[in-house]
Amino acid sequence: MVWTLGALAERVGGRIHGDPERTIEGLASLEAAGPKDLSFATDRAASALATTSAGAVLVGDGVVDQSPVDVVEVANPHAAFARLATLFDPAPRPAPGIHPTAVIAPDARVADDAAIGPHTVIESGATIGAGVIIGAGCHVGAGSRIGAGSHLVARVTVLHGVTLGERVILHPGVVVGSDGFGLAREGDQWLKVPQIGGVVIGDDVEIGANTTVDRGALEDTVIEEGAKLDNQIQVAHNVRIGAHTAIAGCVGIAGSSDIGRHCALGGGVGVAGHLTIADGVTVTGMSLVSRSIREPGVYSSGMPVEPNDQWNRHSARFRQLDDMARRLRALEREQGQENP
Amino acid sequence: MVWTLGALAERVGGRIHGDPERTIEGLASLEAAGPKDLSFATDRAASALATTSAGAVLVGDGVVDQSPVDVVEVANPHAAFARLATLFDPAPRPAPGIHPTAVIAPDARVADDAAIGPHTVIESGATIGAGVIIGAGCHVGAGSRIGAGSHLVARVTVLHGVTLGERVILHPGVVVGSDGFGLAREGDQWLKVPQIGGVVIGDDVEIGANTTVDRGALEDTVIEEGAKLDNQIQVAHNVRIGAHTAIAGCVGIAGSSDIGRHCALGGGVGVAGHLTIADGVTVTGMSLVSRSIREPGVYSSGMPVEPNDQWNRHSARFRQLDDMARRLRALEREQGQENP
Amino acid sequence: MVWTLGALAERVGGRIHGDPERTIEGLASLEAAGPKDLSFATDRAASALATTSAGAVLVGDGVVDQSPVDVVEVANPHAAFARLATLFDPAPRPAPGIHPTAVIAPDARVADDAAIGPHTVIESGATIGAGVIIGAGCHVGAGSRIGAGSHLVARVTVLHGVTLGERVILHPGVVVGSDGFGLAREGDQWLKVPQIGGVVIGDDVEIGANTTVDRGALEDTVIEEGAKLDNQIQVAHNVRIGAHTAIAGCVGIAGSSDIGRHCALGGGVGVAGHLTIADGVTVTGMSLVSRSIREPGVYSSGMPVEPNDQWNRHSARFRQLDDMARRLRALEREQGQENP
């Protein structure tokens, strides 16, 4: 794949400061790029920009003057880079058609231009939309609908009664529509509660490798349009994830919690069940949300590491905190203070 | 699926207050139910009950009078609801038989009424019991035994030397019998220790999507009857999980730990290796169990979120805790106190 | 499998104190072993050794005299045991050859003595080295290379552009080469950044069940030789994991972080993005690494459980810590102290 800088700039509406005939053969970071590579710089990357050996760099207007090499000036360098990266993506795109080893139920409907990979199984009544790509070893359950332009990369499981919007991407190992953890107490044992809801996933949702999304107990589990989920996430039954919310790896969201729109959950965050998180909330990594959050803002409870001997001292003192607080109060009283 | 309220009440031994000829076509929560739906109310749900539009509600005797609609009075509404939900579950139940694309070793034994899905592989010497359902893309290793009535939903991996009891449910992506993390130190490198134990899983165990259960290093990893595991859980080699224990999503249990019967581990809990947890212990979400727990009760260490600026102040003070404790002690000494 | 103690001792260069003609039919722990079993004892296991019923025990020179049964004296009993365990491992080893249900691209290169299991898919341009075993239901993407002697156990996904060294072991459910979580902000929505880097995995790496390793955004994600990863781990794009580092289950490592050589990360640890961890660092379970660690040593922030009522008191006091610190300072000032 060889492009001229001019052709690339035109695709993203950028303004070239340099040679439009320069040839670009790949993409790389500012640090690793060579003279045939295009890179990008945010306004914060000025120091890496100053020493780059890239052939050219996508930049915002604030740093045009600081580049030692040709630049393409754009409003949003990262977004422009994302758009151009699709031109250089080596990921194979299979041709339309159904692999002879795929097993398709007679009453499933598969669009003519969909691509269905080897050993994939599509069950009764399922609908596969236009331009969908389903890789090897996937499973689409009875009656489920895969919206146009969606991509199930490989070894994805979508069980029955699931609806995916358009342009949804599911990475390998994803499971959508598994039973929620519904248990009724009976004597001293647990009785399984059948999970008869479904899952509804909006347009442009992306779900990372080995993430699981359980079906609803009665009503549906919902992930709204544009939400982005990383790998190894657990979404329990009847959760709602609001539009354009981004969730990093290893997050667990317990049943029936309702996460707002435009939220960001850091890696390893845990959200207890039956909570509401407002729109625009950010939770930093490894925090525990055990009550509803009603106001937008940044919330934290992830405790950073210390050298182990210090940590042991401090965590031992933590277990004396109530005692320390009482003793502090007693001292204040002796000094005649009345602290609130 | 259309039932009369009378027929449903009869199935759960309930007493109708209302019209036994009322038709019920579905199940729903108190909030979402319409006039053709059956719902249920625990004693704590009195306010939702008062405003429900359900056709009828399963209730305990304490709230019969508070329902605006017909009720079926039962001893345990949630359990009765679980039983009736099986009647309305849309999950497809495949007919007995072996799909032509399944690969079954000549010396594997598959019960006549078992259902084996497409692209499933059953290896040498494996035994598949009566009424077992194995969905698409599963793998049962050499010599493993799947007890009667069990259900491997789809894309489940059971490796060699694993024994499942009866009515075990394994959801998609589950791996049972993977190698434990056994490493011997040799110089400054790690040497793999072959994992030659197996896994034994009792009757009525359910294991959620993408959960992993490692085989034993020498003796077996054991999950006792009636234990319920949610999604994304890691069970390391030689763990024992006691009967009727419930474990929520994203829990990790390190090697050789022994979890009692009738325990409950909240989401994201971590249990260190070689520990014992007594029967009847509850651990709340995102707690770390780093020592054995000898007494039943509720245990916690998950720290709840605060607004980030407050959190930063408090966690900085945490790293001064030992110093603060010493200074508090010094003040007490100056005041002539002898604190224990 | 029946061996004489003499034959086993010879394989590990051990010195027998006892009967070299003793027959050994299995391996077991000191506690569970019977008279036909071989066990092993580290120097710390002296009390279990004193009461063992094993046929013989591998021991270091320090405890030879304390064994009530025959011993084989070796420099490193655990490593010797690991070597002998391969003789008793019941895991099936498939014969070379390609199963008729496997789907192999015409231009993929598969070594003559490789074993390719049922329903496995190997895509265009992939290379499968000598002696490789790929179990059922695996997927090797376009152009990827599986080094000699490697083992993909079953249902493993290796996407395009991935290079595995020799003797790499990938357990079921592993995904290597899934897209990293690359998002560019555009207005109030997220734009996917195509992930065009690859993954390079060194010799003798082992990766546990359902662990995910994302491909690089631009340059490669790298796991160096001899690193050992347990189950349910998330390795984000452009992470580097140094040689001979061991990572326990449920760890999450965010993008572009660089973990040193000979490190050990305990279960459930979280590592934030763009950090550096020095060689020789140990992080204990459920700790959060939110800044770079420059010095070898042991680091912690996992808070151990307490009984719930105590925990609630202490965590409430935690949220008063800044206030307590100020009040403590005020008391000191009143006493005329000038604390630093």
# chains A, B, ... in the order shown; residues from 1 in each chain; ligands from 1
>>> residues_around(residues="Asp279 in chain C", least_positions_apart="4", cutoff="8 Å", atoms="only C-alpha atoms", output="PyMOL selection string")
chain C and resi 242+259-263+295-296
>>> write_last_selection(atoms="all heavy atoms", output="PDB file, in the first residue's frame")
ATOM      1  N   GLY C 242       8.499  -8.818  30.196  1.00  0.00           N
ATOM      2  CA  GLY C 242       9.891  -9.254  30.130  1.00  0.00           C
ATOM      3  C   GLY C 242      10.056 -10.752  30.336  1.00  0.00           C
ATOM      4  O   GLY C 242       9.182 -11.436  30.880  1.00  0.00           O
ATOM      5  N   ILE C 259       6.615  -4.298  31.471  1.00  0.00           N
ATOM      6  CA  ILE C 259       6.895  -5.063  32.689  1.00  0.00           C
ATOM      7  C   ILE C 259       8.269  -5.694  32.530  1.00  0.00           C
ATOM      8  O   ILE C 259       8.566  -6.295  31.496  1.00  0.00           O
ATOM      9  CB  ILE C 259       5.859  -6.205  32.867  1.00  0.00           C
ATOM     10  CG1 ILE C 259       4.436  -5.722  32.591  1.00  0.00           C
ATOM     11  CG2 ILE C 259       6.003  -6.859  34.222  1.00  0.00           C
ATOM     12  CD1 ILE C 259       3.884  -4.783  33.583  1.00  0.00           C
ATOM     13  N   GLY C 260       9.093  -5.585  33.556  1.00  0.00           N
ATOM     14  CA  GLY C 260      10.471  -6.057  33.455  1.00  0.00           C
ATOM     15  C   GLY C 260      10.604  -7.575  33.398  1.00  0.00           C
ATOM     16  O   GLY C 260       9.622  -8.315  33.364  1.00  0.00           O
ATOM     17  N   ARG C 261      11.848  -8.009  33.413  1.00  0.00           N
ATOM     18  CA  ARG C 261      12.178  -9.436  33.436  1.00  0.00           C
ATOM     19  C   ARG C 261      12.145  -9.935  34.877  1.00  0.00           C
ATOM     20  O   ARG C 261      12.362  -9.186  35.809  1.00  0.00           O
ATOM     21  CB  ARG C 261      13.581  -9.643  32.867  1.00  0.00           C
ATOM     22  CG  ARG C 261      13.732  -9.215  31.410  1.00  0.00           C
ATOM     23  CD  ARG C 261      15.194  -8.996  31.018  1.00  0.00           C
ATOM     24  NE  ARG C 261      16.017 -10.164  31.240  1.00  0.00           N
ATOM     25  CZ  ARG C 261      16.294 -11.098  30.309  1.00  0.00           C
ATOM     26  NH1 ARG C 261      15.830 -10.953  29.082  1.00  0.00           N
ATOM     27  NH2 ARG C 261      17.044 -12.140  30.595  1.00  0.00           N
ATOM     28  N   HIS C 262      11.881 -11.226  35.017  1.00  0.00           N
ATOM     29  CA  HIS C 262      11.911 -11.856  36.343  1.00  0.00           C
ATOM     30  C   HIS C 262      11.013 -11.146  37.347  1.00  0.00           C
ATOM     31  O   HIS C 262      11.336 -11.056  38.533  1.00  0.00           O
ATOM     32  CB  HIS C 262      13.344 -11.928  36.875  1.00  0.00           C
ATOM     33  CG  HIS C 262      14.261 -12.700  35.990  1.00  0.00           C
ATOM     34  ND1 HIS C 262      14.131 -14.056  35.827  1.00  0.00           N
ATOM     35  CD2 HIS C 262      15.297 -12.319  35.192  1.00  0.00           C
ATOM     36  CE1 HIS C 262      15.075 -14.476  34.966  1.00  0.00           C
ATOM     37  NE2 HIS C 262      15.782 -13.454  34.571  1.00  0.00           N
ATOM     38  N   CYS C 263       9.908 -10.629  36.882  1.00  0.00           N
ATOM     39  CA  CYS C 263       8.920 -10.057  37.796  1.00  0.00           C
ATOM     40  C   CYS C 263       7.892 -11.119  38.177  1.00  0.00           C
ATOM     41  O   CYS C 263       7.808 -12.190  37.560  1.00  0.00           O
ATOM     42  CB  CYS C 263       8.189  -8.887  37.133  1.00  0.00           C
ATOM     43  SG  CYS C 263       9.225  -7.439  36.870  1.00  0.00           S
ATOM     44  N   GLU C 295      12.480   0.441  41.192  1.00  0.00           N
ATOM     45  CA  GLU C 295      13.418  -0.372  41.966  1.00  0.00           C
ATOM     46  C   GLU C 295      12.851  -1.766  42.183  1.00  0.00           C
ATOM     47  O   GLU C 295      11.664  -1.910  42.474  1.00  0.00           O
ATOM     48  CB  GLU C 295      13.640   0.268  43.349  1.00  0.00           C
ATOM     49  CG  GLU C 295      14.270   1.637  43.315  1.00  0.00           C
ATOM     50  CD  GLU C 295      15.672   1.593  42.731  1.00  0.00           C
ATOM     51  OE1 GLU C 295      16.389   0.590  42.984  1.00  0.00           O
ATOM     52  OE2 GLU C 295      16.048   2.540  42.012  1.00  0.00           O
ATOM     53  N   PRO C 296      13.698  -2.806  42.092  1.00  0.00           N
ATOM     54  CA  PRO C 296      13.212  -4.150  42.429  1.00  0.00           C
ATOM     55  C   PRO C 296      12.756  -4.194  43.884  1.00  0.00           C
ATOM     56  O   PRO C 296      13.168  -3.361  44.701  1.00  0.00           O
ATOM     57  CB  PRO C 296      14.431  -5.048  42.192  1.00  0.00           C
ATOM     58  CG  PRO C 296      15.609  -4.152  42.076  1.00  0.00           C
ATOM     59  CD  PRO C 296      15.115  -2.795  41.701  1.00  0.00           C
TER      60      PRO C 296
END
>>> closest_atom_pairs(of="chain A", to="chain B", cutoff="6 Å", atoms="only C-alpha atoms", output="JSON lines")
{"residue": "A:Phe181", "atom": "CA", "partner": "B:Asp230", "partner_atom": "CA", "distance": 5.9}
{"residue": "A:Ala184", "atom": "CA", "partner": "B:Ala79", "partner_atom": "CA", "distance": 5.3}
{"residue": "A:Gln189", "atom": "CA", "partner": "B:His244", "partner_atom": "CA", "distance": 5.8}
{"residue": "A:Val193", "atom": "CA", "partner": "B:Ala82", "partner_atom": "CA", "distance": 4.4}
{"residue": "A:Pro194", "atom": "CA", "partner": "B:Ala85", "partner_atom": "CA", "distance": 5.7}
{"residue": "A:Ile196", "atom": "CA", "partner": "B:Asp89", "partner_atom": "CA", "distance": 5.2}
{"residue": "A:Leu218", "atom": "CA", "partner": "B:Ala28", "partner_atom": "CA", "distance": 5.5}
{"residue": "A:Leu288", "atom": "CA", "partner": "B:Pro304", "partner_atom": "CA", "distance": 5.1}
{"residue": "A:Val289", "atom": "CA", "partner": "B:Val305", "partner_atom": "CA", "distance": 5.7}
{"residue": "A:Ser290", "atom": "CA", "partner": "B:Pro304", "partner_atom": "CA", "distance": 5.9}
{"residue": "A:Val298", "atom": "CA", "partner": "B:Asn308", "partner_atom": "CA", "distance": 5.4}
{"residue": "A:Tyr299", "atom": "CA", "partner": "B:Pro307", "partner_atom": "CA", "distance": 4.4}
{"residue": "A:Ser300", "atom": "CA", "partner": "B:Val305", "partner_atom": "CA", "distance": 4.9}
{"residue": "A:Ser301", "atom": "CA", "partner": "B:Val305", "partner_atom": "CA", "distance": 4.5}
{"residue": "A:His314", "atom": "CA", "partner": "B:Leu321", "partner_atom": "CA", "distance": 5.6}
>>> write_last_selection(atoms="C-alpha atoms", output="compact mmCIF listing (two decimals), in the first residue's frame")
# COMPACT_ATOMS: atom_id res chain seq x y z
CA PHE A 181 -26.81 -15.46 37.53
CA ALA A 184 -33.76 -18.38 44.16
CA GLN A 189 -30.06 -24.72 48.41
CA VAL A 193 -34.21 -19.00 37.79
CA PRO A 194 -34.57 -19.42 34.01
CA ILE A 196 -35.98 -15.51 29.62
CA LEU A 218 -37.20 -11.04 32.32
CA LEU A 288 -15.58 -0.15 43.69
CA VAL A 289 -18.89 1.54 43.04
CA SER A 290 -21.15 0.27 45.80
CA VAL A 298 -14.40 11.69 38.53
CA TYR A 299 -14.62 9.03 41.26
CA SER A 300 -11.94 6.77 42.72
CA SER A 301 -11.12 4.16 45.30
CA HIS A 314 -0.24 1.34 57.02
>>> select_by_dssp(residues="range 94-330 of chain A", states="alpha helix (DSSP H)", output="NGL selection string")
:A and (308-318 or 321-330)
>>> write_last_selection(atoms="N, CA, C and O atoms", output="PDB file, in the first residue's frame")
ATOM      1  N   ASN A 308       6.218  -3.052  50.173  1.00  0.00           N
ATOM      2  CA  ASN A 308       5.418  -3.954  50.995  1.00  0.00           C
ATOM      3  C   ASN A 308       5.535  -3.692  52.497  1.00  0.00           C
ATOM      4  O   ASN A 308       4.540  -3.791  53.226  1.00  0.00           O
ATOM      5  N   ASP A 309       6.726  -3.333  52.981  1.00  0.00           N
ATOM      6  CA  ASP A 309       6.860  -3.128  54.429  1.00  0.00           C
ATOM      7  C   ASP A 309       6.088  -1.898  54.885  1.00  0.00           C
ATOM      8  O   ASP A 309       5.435  -1.910  55.925  1.00  0.00           O
ATOM      9  N   GLN A 310       6.125  -0.848  54.061  1.00  0.00           N
ATOM     10  CA  GLN A 310       5.313   0.335  54.384  1.00  0.00           C
ATOM     11  C   GLN A 310       3.829   0.006  54.323  1.00  0.00           C
ATOM     12  O   GLN A 310       3.047   0.407  55.188  1.00  0.00           O
ATOM     13  N   TRP A 311       3.469  -0.724  53.265  1.00  0.00           N
ATOM     14  CA  TRP A 311       2.056  -1.096  53.116  1.00  0.00           C
ATOM     15  C   TRP A 311       1.556  -1.876  54.327  1.00  0.00           C
ATOM     16  O   TRP A 311       0.457  -1.629  54.833  1.00  0.00           O
ATOM     17  N   ASN A 312       2.368  -2.807  54.784  1.00  0.00           N
ATOM     18  CA  ASN A 312       1.939  -3.616  55.928  1.00  0.00           C
ATOM     19  C   ASN A 312       1.727  -2.745  57.162  1.00  0.00           C
ATOM     20  O   ASN A 312       0.764  -2.943  57.918  1.00  0.00           O
ATOM     21  N   ARG A 313       2.603  -1.780  57.362  1.00  0.00           N
ATOM     22  CA  ARG A 313       2.431  -0.886  58.515  1.00  0.00           C
ATOM     23  C   ARG A 313       1.144  -0.072  58.382  1.00  0.00           C
ATOM     24  O   ARG A 313       0.365   0.041  59.326  1.00  0.00           O
ATOM     25  N   HIS A 314       0.926   0.474  57.187  1.00  0.00           N
ATOM     26  CA  HIS A 314      -0.238   1.341  57.017  1.00  0.00           C
ATOM     27  C   HIS A 314      -1.542   0.555  57.052  1.00  0.00           C
ATOM     28  O   HIS A 314      -2.528   1.025  57.616  1.00  0.00           O
ATOM     29  N   SER A 315      -1.533  -0.637  56.485  1.00  0.00           N
ATOM     30  CA  SER A 315      -2.800  -1.375  56.506  1.00  0.00           C
ATOM     31  C   SER A 315      -3.079  -1.923  57.899  1.00  0.00           C
ATOM     32  O   SER A 315      -4.232  -2.065  58.298  1.00  0.00           O
ATOM     33  N   ALA A 316      -2.037  -2.172  58.695  1.00  0.00           N
ATOM     34  CA  ALA A 316      -2.265  -2.537  60.105  1.00  0.00           C
ATOM     35  C   ALA A 316      -2.868  -1.339  60.856  1.00  0.00           C
ATOM     36  O   ALA A 316      -3.796  -1.482  61.654  1.00  0.00           O
ATOM     37  N   ARG A 317      -2.346  -0.155  60.604  1.00  0.00           N
ATOM     38  CA  ARG A 317      -2.898   1.046  61.242  1.00  0.00           C
ATOM     39  C   ARG A 317      -4.334   1.293  60.792  1.00  0.00           C
ATOM     40  O   ARG A 317      -5.144   1.805  61.576  1.00  0.00           O
ATOM     41  N   PHE A 318      -4.634   0.956  59.549  1.00  0.00           N
ATOM     42  CA  PHE A 318      -6.008   1.121  59.067  1.00  0.00           C
ATOM     43  C   PHE A 318      -6.976   0.380  59.981  1.00  0.00           C
ATOM     44  O   PHE A 318      -8.064   0.864  60.285  1.00  0.00           O
ATOM     45  N   LEU A 321      -8.027   2.395  62.916  1.00  0.00           N
ATOM     46  CA  LEU A 321      -8.471   3.762  62.623  1.00  0.00           C
ATOM     47  C   LEU A 321      -9.600   4.223  63.522  1.00  0.00           C
ATOM     48  O   LEU A 321      -9.629   5.378  63.967  1.00  0.00           O
ATOM     49  N   ASP A 322     -10.522   3.341  63.802  1.00  0.00           N
ATOM     50  CA  ASP A 322     -11.634   3.753  64.653  1.00  0.00           C
ATOM     51  C   ASP A 322     -11.118   4.087  66.044  1.00  0.00           C
ATOM     52  O   ASP A 322     -11.491   5.104  66.644  1.00  0.00           O
ATOM     53  N   ASP A 323     -10.211   3.260  66.529  1.00  0.00           N
ATOM     54  CA  ASP A 323      -9.586   3.513  67.830  1.00  0.00           C
ATOM     55  C   ASP A 323      -8.818   4.838  67.813  1.00  0.00           C
ATOM     56  O   ASP A 323      -8.946   5.666  68.730  1.00  0.00           O
ATOM     57  N   MET A 324      -8.056   5.066  66.760  1.00  0.00           N
ATOM     58  CA  MET A 324      -7.302   6.324  66.664  1.00  0.00           C
ATOM     59  C   MET A 324      -8.240   7.536  66.659  1.00  0.00           C
ATOM     60  O   MET A 324      -7.962   8.546  67.312  1.00  0.00           O
ATOM     61  N   ALA A 325      -9.339   7.418  65.950  1.00  0.00           N
ATOM     62  CA  ALA A 325     -10.278   8.547  65.880  1.00  0.00           C
ATOM     63  C   ALA A 325     -10.855   8.850  67.258  1.00  0.00           C
ATOM     64  O   ALA A 325     -11.005  10.020  67.647  1.00  0.00           O
ATOM     65  N   ARG A 326     -11.158   7.798  68.013  1.00  0.00           N
ATOM     66  CA  ARG A 326     -11.696   8.017  69.361  1.00  0.00           C
ATOM     67  C   ARG A 326     -10.656   8.643  70.293  1.00  0.00           C
ATOM     68  O   ARG A 326     -10.964   9.518  71.114  1.00  0.00           O
ATOM     69  N   ARG A 327      -9.424   8.182  70.145  1.00  0.00           N
ATOM     70  CA  ARG A 327      -8.370   8.730  70.998  1.00  0.00           C
ATOM     71  C   ARG A 327      -8.092  10.194  70.638  1.00  0.00           C
ATOM     72  O   ARG A 327      -7.864  11.037  71.527  1.00  0.00           O
ATOM     73  N   LEU A 328      -8.133  10.486  69.357  1.00  0.00           N
ATOM     74  CA  LEU A 328      -7.955  11.877  68.933  1.00  0.00           C
ATOM     75  C   LEU A 328      -9.055  12.762  69.529  1.00  0.00           C
ATOM     76  O   LEU A 328      -8.802  13.849  70.058  1.00  0.00           O
ATOM     77  N   ARG A 329     -10.271  12.268  69.493  1.00  0.00           N
ATOM     78  CA  ARG A 329     -11.405  13.007  70.053  1.00  0.00           C
ATOM     79  C   ARG A 329     -11.232  13.230  71.557  1.00  0.00           C
ATOM     80  O   ARG A 329     -11.517  14.321  72.100  1.00  0.00           O
ATOM     81  N   ALA A 330     -10.716  12.187  72.220  1.00  0.00           N
ATOM     82  CA  ALA A 330     -10.519  12.302  73.671  1.00  0.00           C
ATOM     83  C   ALA A 330      -9.485  13.373  73.993  1.00  0.00           C
ATOM     84  O   ALA A 330      -9.662  14.167  74.929  1.00  0.00           O
TER      85      ALA A 330
END
>>> residues_around(residues="Val57 in chain B", least_positions_apart="4", cutoff="9 Å", atoms="only C-alpha atoms", output="list in words")
Leu30, Asp37, Leu38, Ser39, Phe40, Ala41, Leu49, Thr52, Ser67, Val69, Asp70, Val71, Val72, Glu73 and Pro77 of chain B
>>> select_by_dssp(residues="range 140-307 of chain A", states="strand (DSSP E or B)", output="NGL selection string")
:A and (140 or 145-146 or 151-152 or 157-158 or 162-164 or 169-170 or 175-178 or 183-186 or 189-192 or 199-201 or 206-207 or 212-214 or 221-223 or 228-229 or 234-235 or 240-241 or 246-247 or 252-253 or 258-259 or 264-265 or 270-271 or 276-277 or 281-283 or 288-289 or 293 or 297-300 or 304 or 306-307)
